[in-house]
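Working notes, structure below.
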Amino acid sequence: MSQRFLSPAHGLGISAIDRSRRLNFRLDGIEIRAYAGDTVLSAALGAGIAGAGSHKGAMLHLRPGFAPHVRNASDVNSGGVPMALCPVREGIDLVSVGGGRRGVRRVVARMGSGHLQTLAVDFAAFPVADLADRATLRISAADVLVVGGGLAGMTAALAAAKRGERVILVEQRGRLGGDAPLFGTKEGEEPVLETVAALAREIAERQEIEVRLLTSAVDAGPEGVTTIAVDDQNRNLAPSVGRIVALHIVLATGCADRLPVYPGNRLPGVAGLAESFYLAGAYGVWPQAPTLFSGGTNVLYHLAMLAKESGAALVRLIDSRISPYSRFVDFAKASGVPQQFGTRIARVQRRGSGLAVETTLAVHERSQEGRAVFDAGSVVHSDGWRPRLTLWARFGGALDWDGFGARAIGDQAAAGIALAGSVTGLLTNDGCRRSGAQAIAHLFGDPADPIAENRLADYIESPDAEPLRPRPSAGEPAFFSSGHVMASMPGAPRAAGIAIPARDATGALDLEALVGLTHAGLVPAAHFAALASEKLVSPQTLAAAEPAQGGMAGGAGIPAYLAGRFAEPVVRVQLAAEDERRLTPGLLVFVESGRSRPEQAIGVVIAATEAGGTAVLGRRQAEGLVQVSVRDGARPIAARIIG
Amino acid sequence: MTDHKFDIAITGTSAFAALLALTLARRHQKHVCLIGQLPAPLQVLRDITLAVGPFSRPETLRLVASAVADLRKFLPPSVFERRDVVFVARGAEGRAATGHVRQMLMGMGVPTTLPPLGSGPRGFVAEGILALRPSAFHAGLPDWLAAAEVRVFAAVEDLQVGHDIVRFAAGHDFVSAGRILVTDGASASCLGTLPDGVVAGWRTAMLTEPVPELADKLIVDAETNGFVVGRADGRLEALAPSQKPEDAGTWLGEMLPPGTTARVIARQRFPVLLSSDGAPVVAPVAGKAAMVATGFGVGGGVLAPALAGHLAGASNSAQAGWFEARTAGKKRAAVAEIGCVGGGAP
């Protein structure tokens, strides 16, 4: 069952695939038809595989931000490579790590005629390996490293190149441009797709710029930025771990879909807005029909309109705002997108091969009035944006909690590093472009004015809705993160005022989960910055090791921790045990065997010797003694002072 | 703007600092405030409190034993648990010292065993040791502090310590206190110069992915009072005696059983004050209405109520003698502990 648009609408952006060239490969034993330019992920989604597997019984969707690694079927020892970074090659035979030969599971619908296809990875047993601390294979150097190939990143790369600097631009997707086309063009502006194409052409012509697509920056620190790509030479898939060392770094990492926290928010068929836009534009991939759009942003209407124009069937678009207004609202209405205001998703459940979407009034969530259930093949939701600030944090950049936007913000400059584009909170294409150039100016010490964005006034375009506040949930998990962290919203407390800890939140946490936990009130906002600093660190794998310290105990002096312990002055004596045993350090020495209280000890063995041991004794107490009692716990050992 | 006056301000929010504040307020009717952020949910452990520690002095072990009995009357039973504690040492001198601690504990009636050779860093197991359950303690702490009218100021500005008064601002509040007791490293700068016997240092708290071999295990590095706490799911919470991540990682690697690996997924370094001889120290700061109390380590937290009594002038003679011997200055006795082997104890 193909999930591809036959003819995507023009506004969906620049295609990354060549529909004239078919490729075939196998994933978990099933044959998948793909196009040249596909990644394994886009091909799997295009073949109708909507699920990645499950975690503790909860089915999980397959998305760019959440997918198992894949490996060659014959390479059983490989940890695999990320699906989203892995180009499809003709005839390759792949399996998902943790799913393997069990193959793609087909959950046959009890209702309806379709079936849900999902990979069979058990993520509780086989969590996806983080590749951030793999050994580096390839080290590169540049004057300027730009992470992110959206408008800000492209502009930054060009601005640096124009200074004659050597630039490396890394982009995790298969094409440049980021999400700018999703936000459309305002009246009087150059069409954004033309802007993106022009910038991409200019970058291609610049010899100073090396572009690395399908390359993900996964870690950062004083030694540089660690990147992951897929090395598929000789058809042996392996992660190509690189480290880029640069004098100046621009983090134009952009924003991702903010995951609205409701039960069932990661079921197969549930998807974010920006990722859906990207998959539709680059690969023609669209989730199962019909689609229900939900959220509180204006660009949600833009995608709904483009999807409809591309042939997608829509259930409707529900908006948590009461009376939003925007050019996109009007365009979508003119395109025949059914709209419903003041409504939000309460929860999503599986129903047959599709989804049952329960909606509620946004302002009276607990009221039964206004509750409705819709059958849908898929949900595309938009709950605003989350700045991608993990790399910033790993560079040591501070994060603060923005209580109004319920999000993290990058605070406090880090040396040699600049943030640019929407990750800084900019909203317009023009602002992001100028931000890229300004970041370079800032890094090279040139004066730069603050960017004043030419945003549309609130009376022309409604502001996006405030992010949905997570509510206690039961049934399907309501996850806080769209990635590999499985923290989820707890159920309602039994008694008012008794906090219940989030589920699965005690291990690794990513920034998205931490934001969700804070927004839900499970982590006090005052602790956000400290917890972000603690949790968003570069992972470090350690192996058990013998202590490096060596040396012998019992040197010439008395150990400091024994100073004043026994009657001063003390003397060192040699002891020989009657049973000829070696006396281990720490054994207490008593005048006679009837004594055992530590306060009654006259000394202590500080080193073992061939004859017995060396002890420190209070000189006055030891005077005249020939025989002593050394005590090993409850057992007295008779010993002689021999020197 | 509101003015608040306290008898004493205590910096730090370890169990030791919190118990000190609670006891001063509840038992001695002092008006107390704490300066510092109480541990957040999900924050990696930064301190543990056990009913024994790596002490080599019999008078300390006796005082700890009596303090534990006192503490059990002070806190609800649900905050206590019993754990087997593995005391280890990495170097030869530390191992000799740890052997001494083992004999001391056995002499006090604490059962100990030796773990099999090759099972990890060398040391001994003290069995059935009473410990504070961090999750239960921290869950109850805000309410106990509120009931005792102990104010917590998470962030303060312009902290000034004078000859006979302490002042700071907290949000819209102006606060003054008769004196300040510093237990942490974050606030040490208010003192200017540290008293003799107290040095600044760092610790690094870490969380790892599960290491099944250490599930439910509790390991204490006797030389540094660093620790590794294995949760039921095998995840480790560790406190390393280091500032740099690589040094903290090396230390943790040395705490692991042979053949195992651990993956650090959360890490935070923070400043601490250490007693240079490894023994608890109560140090007046010359010319200021300030004192430093540190070096109590994993086994000295239970002494907080005793210290509160000492500060309030209500300690018995044994307690008073013990604290006087550990008061910094010319009269400080030779009371060094095993922590001196590892460079000092927090």
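Lettering and numbering for the structure tokens are positional, with chains as A, B, ... in the shown order, residues counted from 1 in each chain, and ligands counted from 1 in the shown order.
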Residues of chain A within 9 Å of chain B: nearest atom pair and distance (Å, one decimal) for each, counting only C-alpha atoms, sorted by chain and number, as a tab-separated table?
residue	atom	partner	partner_atom	distance
A:Pro501	CA	B:Pro41	CA	8.4
A:Ala505	CA	B:Leu42	CA	7.5
A:Thr506	CA	B:Leu42	CA	6.2
A:Gly507	CA	B:Glu209	CA	7.0
A:Ala508	CA	B:Ile265	CA	5.7
A:Leu509	CA	B:Ile265	CA	8.2
A:Leu522	CA	B:Pro41	CA	7.8
A:Val523	CA	B:Pro41	CA	6.2
A:Pro524	CA	B:Ala40	CA	7.4
A:Ala526	CA	B:Ala154	CA	8.6
A:His527	CA	B:Ala40	CA	6.1
A:Phe528	CA	B:Ala40	CA	8.9
A:Ala530	CA	B:Gln268	CA	8.6
A:Leu531	CA	B:Gln43	CA	6.6
A:Ser533	CA	B:Gln268	CA	7.1
A:Glu534	CA	B:Gln268	CA	4.9
A:Lys535	CA	B:Ala266	CA	4.5
A:Leu536	CA	B:Ala266	CA	6.8
A:Val537	CA	B:Ala266	CA	6.0
A:Ser538	CA	B:Ile265	CA	7.4
A:Pro539	CA	B:Ile265	CA	5.1
A:Gln540	CA	B:Val264	CA	5.0
A:Thr541	CA	B:Arg263	CA	4.2
A:Leu542	CA	B:Ala262	CA	5.2
A:Ala543	CA	B:Thr261	CA	4.3
A:Ala544	CA	B:Gly253	CA	4.4
A:Ala545	CA	B:Glu254	CA	4.9
A:Glu546	CA	B:Glu254	CA	5.7
A:Pro547	CA	B:Glu254	CA	5.5
A:Ala548	CA	B:Arg90	CA	8.1
A:Gln549	CA	B:Gly91	CA	5.2
A:Gly550	CA	B:Gly91	CA	5.6
A:Gly551	CA	B:Ala92	CA	6.1
A:Met552	CA	B:Ala92	CA	5.6
A:Ala553	CA	B:Glu93	CA	4.7
A:Gly554	CA	B:Glu93	CA	7.4
A:Pro559	CA	B:Glu93	CA	8.2
A:Ala560	CA	B:Ala336	CA	6.1
A:Tyr561	CA	B:Glu337	CA	4.5
A:Leu562	CA	B:Ala336	CA	7.3
A:Ala563	CA	B:Ala334	CA	5.8
A:Gly564	CA	B:Ala334	CA	5.4
A:Arg565	CA	B:Arg57	CA	7.0
A:Thr584	CA	B:Gly99	CA	7.7
A:Pro585	CA	B:Ala96	CA	4.9
A:Gly586	CA	B:His100	CA	3.4
A:Leu587	CA	B:Gln103	CA	6.1
A:Leu588	CA	B:Gln103	CA	6.8
A:Ser596	CA	B:Gly107	CA	6.3
A:Arg597	CA	B:Gly107	CA	5.6
A:Pro598	CA	B:Gly107	CA	5.7
A:Glu599	CA	B:Pro58	CA	6.0
A:Val604	CA	B:His100	CA	7.6
A:Val605	CA	B:His100	CA	8.2
A:Ile606	CA	B:Ala96	CA	6.4
A:Ala607	CA	B:Ala96	CA	7.3
A:Arg631	CA	B:Gln103	CA	8.1
A:Asp632	CA	B:Gln103	CA	6.7
A:Gly633	CA	B:Met106	CA	5.4
A:Ala634	CA	B:Met106	CA	7.5
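Every residue of stretch 359-520 of chain A found in alpha helix (DSSP H) when DSSP is run on the backbone appears here: A:Thr390, A:Leu391, A:Trp392, A:Ala393, A:Arg394, A:Asn429, A:Asp430, A:Gly431, A:Cys432, A:Arg433, A:Arg434, A:Ser435, A:Gly436, A:Ala437, A:Gln438, A:Ala439, A:Ile440, A:Ala441, A:His442, A:Leu443, A:Leu511, A:Glu512, A:Ala513, A:Leu514, A:Val515, A:Gly516, A:Leu517, A:Thr518, A:His519.
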Restricting it to N, CA, C and O atoms, dump the selection as an mmCIF file, in the first residue's frame.
data_model
loop_
_atom_site.group_PDB
_atom_site.id
_atom_site.type_symbol
_atom_site.label_atom_id
_atom_site.label_comp_id
_atom_site.auth_asym_id
_atom_site.auth_seq_id
_atom_site.Cartn_x
_atom_site.Cartn_y
_atom_site.Cartn_z
ATOM 1 N N THR A 390 19.864 21.408 21.818
ATOM 2 C CA THR A 390 20.678 20.396 22.501
ATOM 3 C C THR A 390 22.167 20.591 22.245
ATOM 4 O O THR A 390 22.986 20.501 23.169
ATOM 5 N N LEU A 391 22.535 20.874 21.005
ATOM 6 C CA LEU A 391 23.959 21.089 20.721
ATOM 7 C C LEU A 391 24.479 22.300 21.488
ATOM 8 O O LEU A 391 25.604 22.312 21.977
ATOM 9 N N TRP A 392 23.655 23.318 21.539
ATOM 10 C CA TRP A 392 24.015 24.521 22.294
ATOM 11 C C TRP A 392 24.319 24.150 23.744
ATOM 12 O O TRP A 392 25.315 24.573 24.324
ATOM 13 N N ALA A 393 23.450 23.345 24.315
ATOM 14 C CA ALA A 393 23.654 22.938 25.707
ATOM 15 C C ALA A 393 24.935 22.124 25.844
ATOM 16 O O ALA A 393 25.670 22.254 26.814
ATOM 17 N N ARG A 394 25.202 21.280 24.859
ATOM 18 C CA ARG A 394 26.401 20.428 24.964
ATOM 19 C C ARG A 394 27.678 21.229 24.787
ATOM 20 O O ARG A 394 28.743 20.797 25.212
ATOM 21 N N ASN A 429 11.060 34.623 7.451
ATOM 22 C CA ASN A 429 12.125 34.190 6.552
ATOM 23 C C ASN A 429 13.197 35.278 6.444
ATOM 24 O O ASN A 429 14.393 34.992 6.431
ATOM 25 N N ASP A 430 12.743 36.520 6.334
ATOM 26 C CA ASP A 430 13.693 37.626 6.228
ATOM 27 C C ASP A 430 14.554 37.714 7.492
ATOM 28 O O ASP A 430 15.772 37.895 7.415
ATOM 29 N N GLY A 431 13.922 37.566 8.637
ATOM 30 C CA GLY A 431 14.664 37.620 9.894
ATOM 31 C C GLY A 431 15.692 36.510 9.980
ATOM 32 O O GLY A 431 16.826 36.727 10.428
ATOM 33 N N CYS A 432 15.324 35.326 9.543
ATOM 34 C CA CYS A 432 16.259 34.197 9.618
ATOM 35 C C CYS A 432 17.445 34.420 8.686
ATOM 36 O O CYS A 432 18.594 34.112 9.029
ATOM 37 N N ARG A 433 17.168 34.951 7.488
ATOM 38 C CA ARG A 433 18.276 35.222 6.557
ATOM 39 C C ARG A 433 19.240 36.234 7.167
ATOM 40 O O ARG A 433 20.454 36.043 7.155
ATOM 41 N N ARG A 434 18.692 37.303 7.669
ATOM 42 C CA ARG A 434 19.569 38.344 8.227
ATOM 43 C C ARG A 434 20.318 37.815 9.452
ATOM 44 O O ARG A 434 21.464 38.187 9.714
ATOM 45 N N SER A 435 19.667 36.935 10.175
ATOM 46 C CA SER A 435 20.292 36.372 11.365
ATOM 47 C C SER A 435 21.526 35.549 11.017
ATOM 48 O O SER A 435 22.535 35.568 11.728
ATOM 49 N N GLY A 436 21.452 34.812 9.895
ATOM 50 C CA GLY A 436 22.603 34.021 9.470
ATOM 51 C C GLY A 436 23.798 34.903 9.169
ATOM 52 O O GLY A 436 24.935 34.632 9.596
ATOM 53 N N ALA A 437 23.554 35.971 8.431
ATOM 54 C CA ALA A 437 24.651 36.889 8.103
ATOM 55 C C ALA A 437 25.170 37.577 9.357
ATOM 56 O O ALA A 437 26.381 37.773 9.528
ATOM 57 N N GLN A 438 24.242 37.914 10.229
ATOM 58 C CA GLN A 438 24.647 38.623 11.440
ATOM 59 C C GLN A 438 25.476 37.735 12.373
ATOM 60 O O GLN A 438 26.381 38.210 13.051
ATOM 61 N N ALA A 439 25.161 36.444 12.379
ATOM 62 C CA ALA A 439 25.934 35.521 13.229
ATOM 63 C C ALA A 439 27.394 35.517 12.800
ATOM 64 O O ALA A 439 28.303 35.516 13.646
ATOM 65 N N ILE A 440 27.621 35.517 11.492
ATOM 66 C CA ILE A 440 29.007 35.552 11.006
ATOM 67 C C ILE A 440 29.660 36.875 11.390
ATOM 68 O O ILE A 440 30.813 36.918 11.843
ATOM 69 N N ALA A 441 28.919 37.967 11.204
ATOM 70 C CA ALA A 441 29.475 39.277 11.581
ATOM 71 C C ALA A 441 29.850 39.288 13.062
ATOM 72 O O ALA A 441 30.933 39.743 13.446
ATOM 73 N N HIS A 442 28.984 38.744 13.875
ATOM 74 C CA HIS A 442 29.245 38.694 15.322
ATOM 75 C C HIS A 442 30.502 37.872 15.628
ATOM 76 O O HIS A 442 31.357 38.288 16.415
ATOM 77 N N LEU A 443 30.620 36.712 14.994
ATOM 78 C CA LEU A 443 31.759 35.842 15.274
ATOM 79 C C LEU A 443 33.085 36.459 14.848
ATOM 80 O O LEU A 443 34.133 36.187 15.430
ATOM 81 N N LEU A 511 15.987 17.305 25.838
ATOM 82 C CA LEU A 511 15.462 18.642 26.115
ATOM 83 C C LEU A 511 13.948 18.688 25.958
ATOM 84 O O LEU A 511 13.245 19.333 26.743
ATOM 85 N N GLU A 512 13.443 17.990 24.968
ATOM 86 C CA GLU A 512 11.999 17.989 24.724
ATOM 87 C C GLU A 512 11.240 17.416 25.914
ATOM 88 O O GLU A 512 10.214 17.966 26.348
ATOM 89 N N ALA A 513 11.759 16.324 26.452
ATOM 90 C CA ALA A 513 11.097 15.721 27.617
ATOM 91 C C ALA A 513 11.179 16.642 28.829
ATOM 92 O O ALA A 513 10.216 16.780 29.591
ATOM 93 N N LEU A 514 12.319 17.264 28.993
ATOM 94 C CA LEU A 514 12.482 18.167 30.139
ATOM 95 C C LEU A 514 11.539 19.359 30.042
ATOM 96 O O LEU A 514 10.941 19.788 31.045
ATOM 97 N N VAL A 515 11.366 19.869 28.833
ATOM 98 C CA VAL A 515 10.405 20.964 28.625
ATOM 99 C C VAL A 515 8.991 20.483 28.953
ATOM 100 O O VAL A 515 8.225 21.164 29.647
ATOM 101 N N GLY A 516 8.659 19.286 28.491
ATOM 102 C CA GLY A 516 7.322 18.750 28.749
ATOM 103 C C GLY A 516 7.072 18.533 30.231
ATOM 104 O O GLY A 516 6.001 18.875 30.754
ATOM 105 N N LEU A 517 8.049 17.973 30.910
ATOM 106 C CA LEU A 517 7.904 17.740 32.349
ATOM 107 C C LEU A 517 7.735 19.056 33.099
ATOM 108 O O LEU A 517 6.964 19.145 34.060
ATOM 109 N N THR A 518 8.461 20.064 32.657
ATOM 110 C CA THR A 518 8.360 21.366 33.312
ATOM 111 C C THR A 518 7.004 22.004 33.022
ATOM 112 O O THR A 518 6.345 22.554 33.916
ATOM 113 N N HIS A 519 6.586 21.916 31.781
ATOM 114 C CA HIS A 519 5.287 22.495 31.408
ATOM 115 C C HIS A 519 4.161 21.804 32.159
ATOM 116 O O HIS A 519 3.157 22.430 32.532
#
**Item:** Shell of 12 Å around stretch 306-311 of chain B, only C-alpha atoms, local chain residues under 4 positions omitted, as an NGL selection string
**Value:** :B and (7-8 or 10 or 16-30 or 32 or 60 or 63-71 or 179-181 or 280-284 or 291-294 or 296 or 300-302 or 315-324 or 326-327)
**Request:** For A:Cys255, work out the shell of residues within 6 Å, counting only C-alpha atoms and skipping chain neighbours fewer than 6 positions away, then give it as a list of chain:residue names.
**Result:** A:Trp385, A:Arg386, A:Pro387, A:Arg388, A:Val423
Selection above as a file: N, CA, C and O atoms, as a compact mmCIF listing (two decimals), in the first residue's frame:
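Output saved as result.txt:
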# COMPACT_ATOMS: atom_id res chain seq x y z
N TRP A 385 6.34 25.29 18.30
CA TRP A 385 7.70 24.91 17.92
C TRP A 385 8.60 24.81 19.13
O TRP A 385 8.41 25.50 20.11
N ARG A 386 9.57 23.94 18.99
CA ARG A 386 10.57 23.83 20.05
C ARG A 386 11.95 24.09 19.44
O ARG A 386 12.35 23.41 18.49
N PRO A 387 12.66 25.06 19.97
CA PRO A 387 13.99 25.34 19.44
C PRO A 387 14.92 24.16 19.68
O PRO A 387 14.91 23.57 20.75
N ARG A 388 15.67 23.81 18.66
CA ARG A 388 16.63 22.70 18.81
C ARG A 388 17.90 23.24 19.46
O ARG A 388 18.77 23.78 18.78
N VAL A 423 15.95 29.16 15.76
CA VAL A 423 16.31 28.63 17.07
C VAL A 423 16.44 29.76 18.10
O VAL A 423 16.32 29.54 19.31
**Asked** Just asking: which residues within stretch 54-285 of chain B are strand (DSSP E or B) according to DSSP, as a VMD selection string?
**Response** chain B and resid 80 to 88 112 to 113 123 to 132 151 to 153 157 to 161 166 to 170 173 to 182 198 to 208 218 to 221 226 to 230 236 to 240 261 to 275 281 to 284
Can you tell me which residues surround A:Arg63 at a distance of at most 9 Å, considering only C-alpha atoms, apart from same-chain residues fewer than 3 positions away, and format the answer as an mmCIF file with C-alpha atoms, in the first residue's frame?
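Saved file part17.cif follows:
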data_model
loop_
_atom_site.group_PDB
_atom_site.id
_atom_site.type_symbol
_atom_site.label_atom_id
_atom_site.label_comp_id
_atom_site.auth_asym_id
_atom_site.auth_seq_id
_atom_site.Cartn_x
_atom_site.Cartn_y
_atom_site.Cartn_z
ATOM 1 C CA LEU A 41 12.959 5.785 6.247
ATOM 2 C CA SER A 42 11.138 7.637 3.494
ATOM 3 C CA LEU A 45 6.939 5.225 5.102
ATOM 4 C CA ALA A 50 3.521 3.470 9.827
ATOM 5 C CA GLY A 51 4.857 1.897 13.023
ATOM 6 C CA ALA A 52 8.369 1.498 14.412
ATOM 7 C CA PHE A 66 12.004 8.207 15.919
ATOM 8 C CA ALA A 67 13.069 5.143 14.004
ATOM 9 C CA ALA A 84 16.675 8.626 8.176
ATOM 10 C CA PRO A 268 1.278 5.021 14.216
ATOM 11 C CA ALA A 271 2.578 12.975 12.948
ATOM 12 C CA GLY A 272 3.947 16.469 13.406
ATOM 13 C CA GLU A 275 8.061 16.655 9.532
ATOM 14 C CA SER A 482 9.110 12.542 20.171
#
**Request:** Excluding stretch 449-457 of chain A and residues on its chain fewer than 2 positions from it, collect all residues at most 7 Å away from it, counting only C-alpha atoms, and give them as number ranges by chain.
**Result:** A: 428, 431, 447, 459-461
**Interatomic distance, atom CA of B:Lys5 to atom CA of B:Cys190 (Å, one decimal)** = 18.6 Å
**Request:** Could you please determine the separation between atom CA of A:Ala520 and atom CA of A:Asp319 in Å, to one decimal place?
**Result:**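 According to the coordinates, atom CA of A:Ala520 and atom CA of A:Asp319 are separated by 21.1 Å.
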**Request:** May I ask which of the residues B:Val298, B:Ala290, B:Val152, B:Val79 is the closest one to B:Ala170, counting only C-alpha atoms?
**Result:**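 When distances to B:Ala170 are compared using only C-alpha atoms, the smallest one comes from B:Val152.
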**Fill in**
Pairwise distance, atom CA of A:Thr609 with atom CA of A:Ala577, equals 10.7 Å
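Close contacts of stretch 90-98 of chain A, defined as residues with an atom at most 8 Å away when counting only C-alpha atoms, with chain neighbours fewer than 6 positions off set aside, comprise A:Leu23, A:Asn24, A:Phe25, A:Arg26, A:Leu27, A:Asp28, A:Gly29, A:Pro68, A:His69, A:Val70, A:Arg71, A:Asn72, A:Ala73, A:Gly79, A:Gly80, A:Leu119, A:Ala120, A:Val121, A:Asp122, A:Phe123, A:Ala125, A:Phe126, A:Arg235.
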Put those residues in a file: N, CA, C and O atoms, as a tab-separated table (two decimals), in the first residue's frame.
chain	number	residue	atom	x	y	z
A	23	LEU	N	13.97	1.81	-7.43
A	23	LEU	CA	14.91	0.94	-6.74
A	23	LEU	C	14.11	-0.04	-5.88
A	23	LEU	O	13.03	0.29	-5.40
A	24	ASN	N	14.65	-1.21	-5.69
A	24	ASN	CA	14.01	-2.20	-4.83
A	24	ASN	C	15.00	-2.66	-3.76
A	24	ASN	O	16.19	-2.83	-4.05
A	25	PHE	N	14.51	-2.80	-2.56
A	25	PHE	CA	15.35	-3.34	-1.49
A	25	PHE	C	14.47	-4.08	-0.51
A	25	PHE	O	13.23	-4.07	-0.62
A	26	ARG	N	15.09	-4.76	0.44
A	26	ARG	CA	14.32	-5.52	1.42
A	26	ARG	C	14.55	-4.94	2.82
A	26	ARG	O	15.66	-4.56	3.17
A	27	LEU	N	13.48	-4.87	3.56
A	27	LEU	CA	13.56	-4.44	4.96
A	27	LEU	C	12.78	-5.44	5.80
A	27	LEU	O	11.58	-5.63	5.59
A	28	ASP	N	13.47	-6.05	6.73
A	28	ASP	CA	12.85	-7.07	7.60
A	28	ASP	C	12.11	-8.12	6.76
A	28	ASP	O	11.01	-8.58	7.11
A	29	GLY	N	12.71	-8.44	5.66
A	29	GLY	CA	12.19	-9.56	4.86
A	29	GLY	C	11.13	-9.19	3.85
A	29	GLY	O	10.69	-10.05	3.09
A	68	PRO	N	14.04	2.94	14.37
A	68	PRO	CA	15.15	2.07	14.79
A	68	PRO	C	16.31	2.21	13.82
A	68	PRO	O	16.15	2.72	12.70
A	69	HIS	N	17.46	1.76	14.23
A	69	HIS	CA	18.58	1.67	13.29
A	69	HIS	C	18.35	0.47	12.38
A	69	HIS	O	17.61	-0.47	12.72
A	70	VAL	N	19.01	0.48	11.23
A	70	VAL	CA	18.96	-0.68	10.32
A	70	VAL	C	20.38	-1.14	10.05
A	70	VAL	O	21.32	-0.35	10.11
A	71	ARG	N	20.49	-2.42	9.73
A	71	ARG	CA	21.81	-2.99	9.41
A	71	ARG	C	21.64	-3.98	8.28
A	71	ARG	O	20.51	-4.42	7.98
A	72	ASN	N	22.76	-4.33	7.67
A	72	ASN	CA	22.71	-5.39	6.67
A	72	ASN	C	22.23	-6.68	7.33
A	72	ASN	O	22.65	-7.00	8.44
A	73	ALA	N	21.37	-7.41	6.64
A	73	ALA	CA	20.83	-8.63	7.24
A	73	ALA	C	21.92	-9.61	7.61
A	73	ALA	O	21.80	-10.36	8.58
A	79	GLY	N	25.68	-2.51	15.06
A	79	GLY	CA	24.68	-1.74	15.82
A	79	GLY	C	23.77	-0.97	14.91
A	79	GLY	O	22.78	-0.38	15.36
A	80	GLY	N	24.07	-0.97	13.60
A	80	GLY	CA	23.18	-0.34	12.65
A	80	GLY	C	23.44	1.14	12.46
A	80	GLY	O	24.32	1.74	13.09
A	119	LEU	N	6.94	-2.05	11.95
A	119	LEU	CA	8.11	-2.83	12.29
A	119	LEU	C	7.88	-3.43	13.68
A	119	LEU	O	7.01	-2.97	14.43
A	120	ALA	N	8.66	-4.44	14.00
A	120	ALA	CA	8.36	-5.20	15.22
A	120	ALA	C	9.42	-5.01	16.29
A	120	ALA	O	9.73	-5.91	17.06
A	121	VAL	N	10.00	-3.82	16.38
A	121	VAL	CA	11.06	-3.59	17.36
A	121	VAL	C	10.46	-3.40	18.75
A	121	VAL	O	9.50	-2.65	18.93
A	122	ASP	N	11.04	-4.09	19.72
A	122	ASP	CA	10.65	-3.89	21.12
A	122	ASP	C	11.64	-2.88	21.71
A	122	ASP	O	12.76	-3.22	22.06
A	123	PHE	N	11.21	-1.64	21.82
A	123	PHE	CA	12.14	-0.58	22.23
A	123	PHE	C	12.48	-0.62	23.72
A	123	PHE	O	13.45	0.00	24.13
A	125	ALA	N	13.28	-3.44	25.19
A	125	ALA	CA	14.39	-4.40	25.22
A	125	ALA	C	15.55	-3.96	24.36
A	125	ALA	O	16.70	-4.28	24.64
A	126	PHE	N	15.26	-3.24	23.29
A	126	PHE	CA	16.31	-2.81	22.35
A	126	PHE	C	16.23	-1.30	22.14
A	126	PHE	O	15.81	-0.83	21.08
A	235	ARG	N	28.45	-1.57	0.09
A	235	ARG	CA	27.16	-2.05	0.60
A	235	ARG	C	27.22	-2.50	2.06
A	235	ARG	O	26.28	-3.10	2.57
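Of the residues listed (B:Ala289, B:Val228, B:Ala304, B:Leu145), B:Ala289 shows the shortest atom-to-atom separation from B:Gly162; distances use only C-alpha atoms.
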**Prompt:** Nearest to B:Lys288 among B:Leu191, B:Val125, B:Val86, B:Leu117, with distances taken over only C-alpha atoms: which residue is it?
**Reply:** B:Leu191
**Prompt:** Between A:Ala252, A:Val357, A:Ile203, A:Met59, which has the minimum distance to A:Val147 (counting only C-alpha atoms)?
**Reply:**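 Among the listed residues, the smallest separation from A:Val147 belongs to A:Ala252.
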